[in-house]
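Below you'll find the structure, written out as structure tokens, and then a few comments.
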Amino acid sequence: MTNNFWKKYSLNLIIGLIDLSLVIFIILFPVKIIIKDIAELSSLKKILFSLEEQEDNFNILNKNYRANFEAINKLDGTFVNSEEPIDFLTFIENSSAELGLTTKIIPTNPQKFKNDVWPSMVFRLSSKGELAKIMAFLDKLENSSYLAEVTDFSLKKPVSKEDTSNQIEAEFGLKVFAK
């Protein structure tokens, strides 16, 4: 009886173990694949979220750029074109002529000084006229739309016996920031 009992139940036990291993095999491998797919989906969602955040940041930056476009253009106009400073030189000549001054302009090469954030150009100017007009000229240069600084300022009265007018000569360096 034991032998018959053992044969009957051992066959059931073997078939049960085979069924159990098939169930585990059928469930385990798809679960591993599902877990792998979930991890990949999670990674893709993080990338998508990052891209959406970058898109939002870009849209905000673009909106701010458009809102400040006029200010940016105005700021760009404060720098002298280092290759062709024609606009700035015309401004100096027109300002000098408006005030009745004779002004000589001697440009130098664009350069960047150690303490400067931007490259700059230095012009040597020599203006001749009345003191009030020279001061008005300096005021126009200072209040212009260009970033400019007056350096090495000196005044001289011409020593000419025939010249009795109150003409003086001013020589100074004018440092302007260039782009």
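Chain labels run A, B, ... following the order of the structure tokens; each chain numbers its residues from 1, and ligands are numbered from 1 in the order shown.
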
Item to check | range 10-159 of chain A: residues DSSP assigns to strand (DSSP E), reported as number ranges by chain | outcome: A: 102-107, 120-130, 148-156

With C-alpha atoms retained, export the selected residues as a PDB file, in the first residue's frame.
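Ended up saving to result-v8.pdb:
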ATOM      1  CA  THR A 102      36.984 123.855 -33.657  1.00  0.00           C
ATOM      2  CA  THR A 103      37.792 120.308 -32.661  1.00  0.00           C
ATOM      3  CA  LYS A 104      40.483 117.947 -33.884  1.00  0.00           C
ATOM      4  CA  ILE A 105      39.937 114.219 -33.323  1.00  0.00           C
ATOM      5  CA  ILE A 106      42.780 111.722 -33.205  1.00  0.00           C
ATOM      6  CA  PRO A 107      41.551 108.104 -32.847  1.00  0.00           C
ATOM      7  CA  SER A 120      37.282 100.610 -25.343  1.00  0.00           C
ATOM      8  CA  MET A 121      38.589 103.208 -27.765  1.00  0.00           C
ATOM      9  CA  VAL A 122      40.439 106.324 -26.738  1.00  0.00           C
ATOM     10  CA  PHE A 123      40.233 109.494 -28.832  1.00  0.00           C
ATOM     11  CA  ARG A 124      42.475 112.515 -28.275  1.00  0.00           C
ATOM     12  CA  LEU A 125      40.424 115.672 -28.752  1.00  0.00           C
ATOM     13  CA  SER A 126      41.709 119.181 -29.044  1.00  0.00           C
ATOM     14  CA  SER A 127      38.978 121.843 -28.917  1.00  0.00           C
ATOM     15  CA  LYS A 128      39.405 125.546 -29.274  1.00  0.00           C
ATOM     16  CA  GLY A 129      36.759 128.104 -28.267  1.00  0.00           C
ATOM     17  CA  GLU A 130      35.256 129.935 -25.318  1.00  0.00           C
ATOM     18  CA  ALA A 148      32.174 107.759 -22.461  1.00  0.00           C
ATOM     19  CA  GLU A 149      34.701 109.038 -19.943  1.00  0.00           C
ATOM     20  CA  VAL A 150      36.841 112.168 -20.186  1.00  0.00           C
ATOM     21  CA  THR A 151      40.468 111.602 -19.147  1.00  0.00           C
ATOM     22  CA  ASP A 152      43.653 113.682 -19.093  1.00  0.00           C
ATOM     23  CA  PHE A 153      41.900 117.047 -19.284  1.00  0.00           C
ATOM     24  CA  SER A 154      44.030 120.163 -19.721  1.00  0.00           C
ATOM     25  CA  LEU A 155      43.222 123.801 -20.562  1.00  0.00           C
ATOM     26  CA  LYS A 156      45.569 126.295 -22.194  1.00  0.00           C
TER      27      LYS A 156
END

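Straight-line separation from CA of Phe177 in chain A to CA of Glu142 in chain A: 13.1 Å.
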
Item to check | DSSP-assigned alpha helix (DSSP H) members of chain A, reported as a count of residues only | outcome: 99

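Counting only C-alpha atoms, Leu147 in chain A has the following residues at most 8 Å away, ignoring those fewer than 2 positions along the same chain: Thr78, Phe79, Ser144, Ser145, Glu149, Val176 and Phe177 of chain A.
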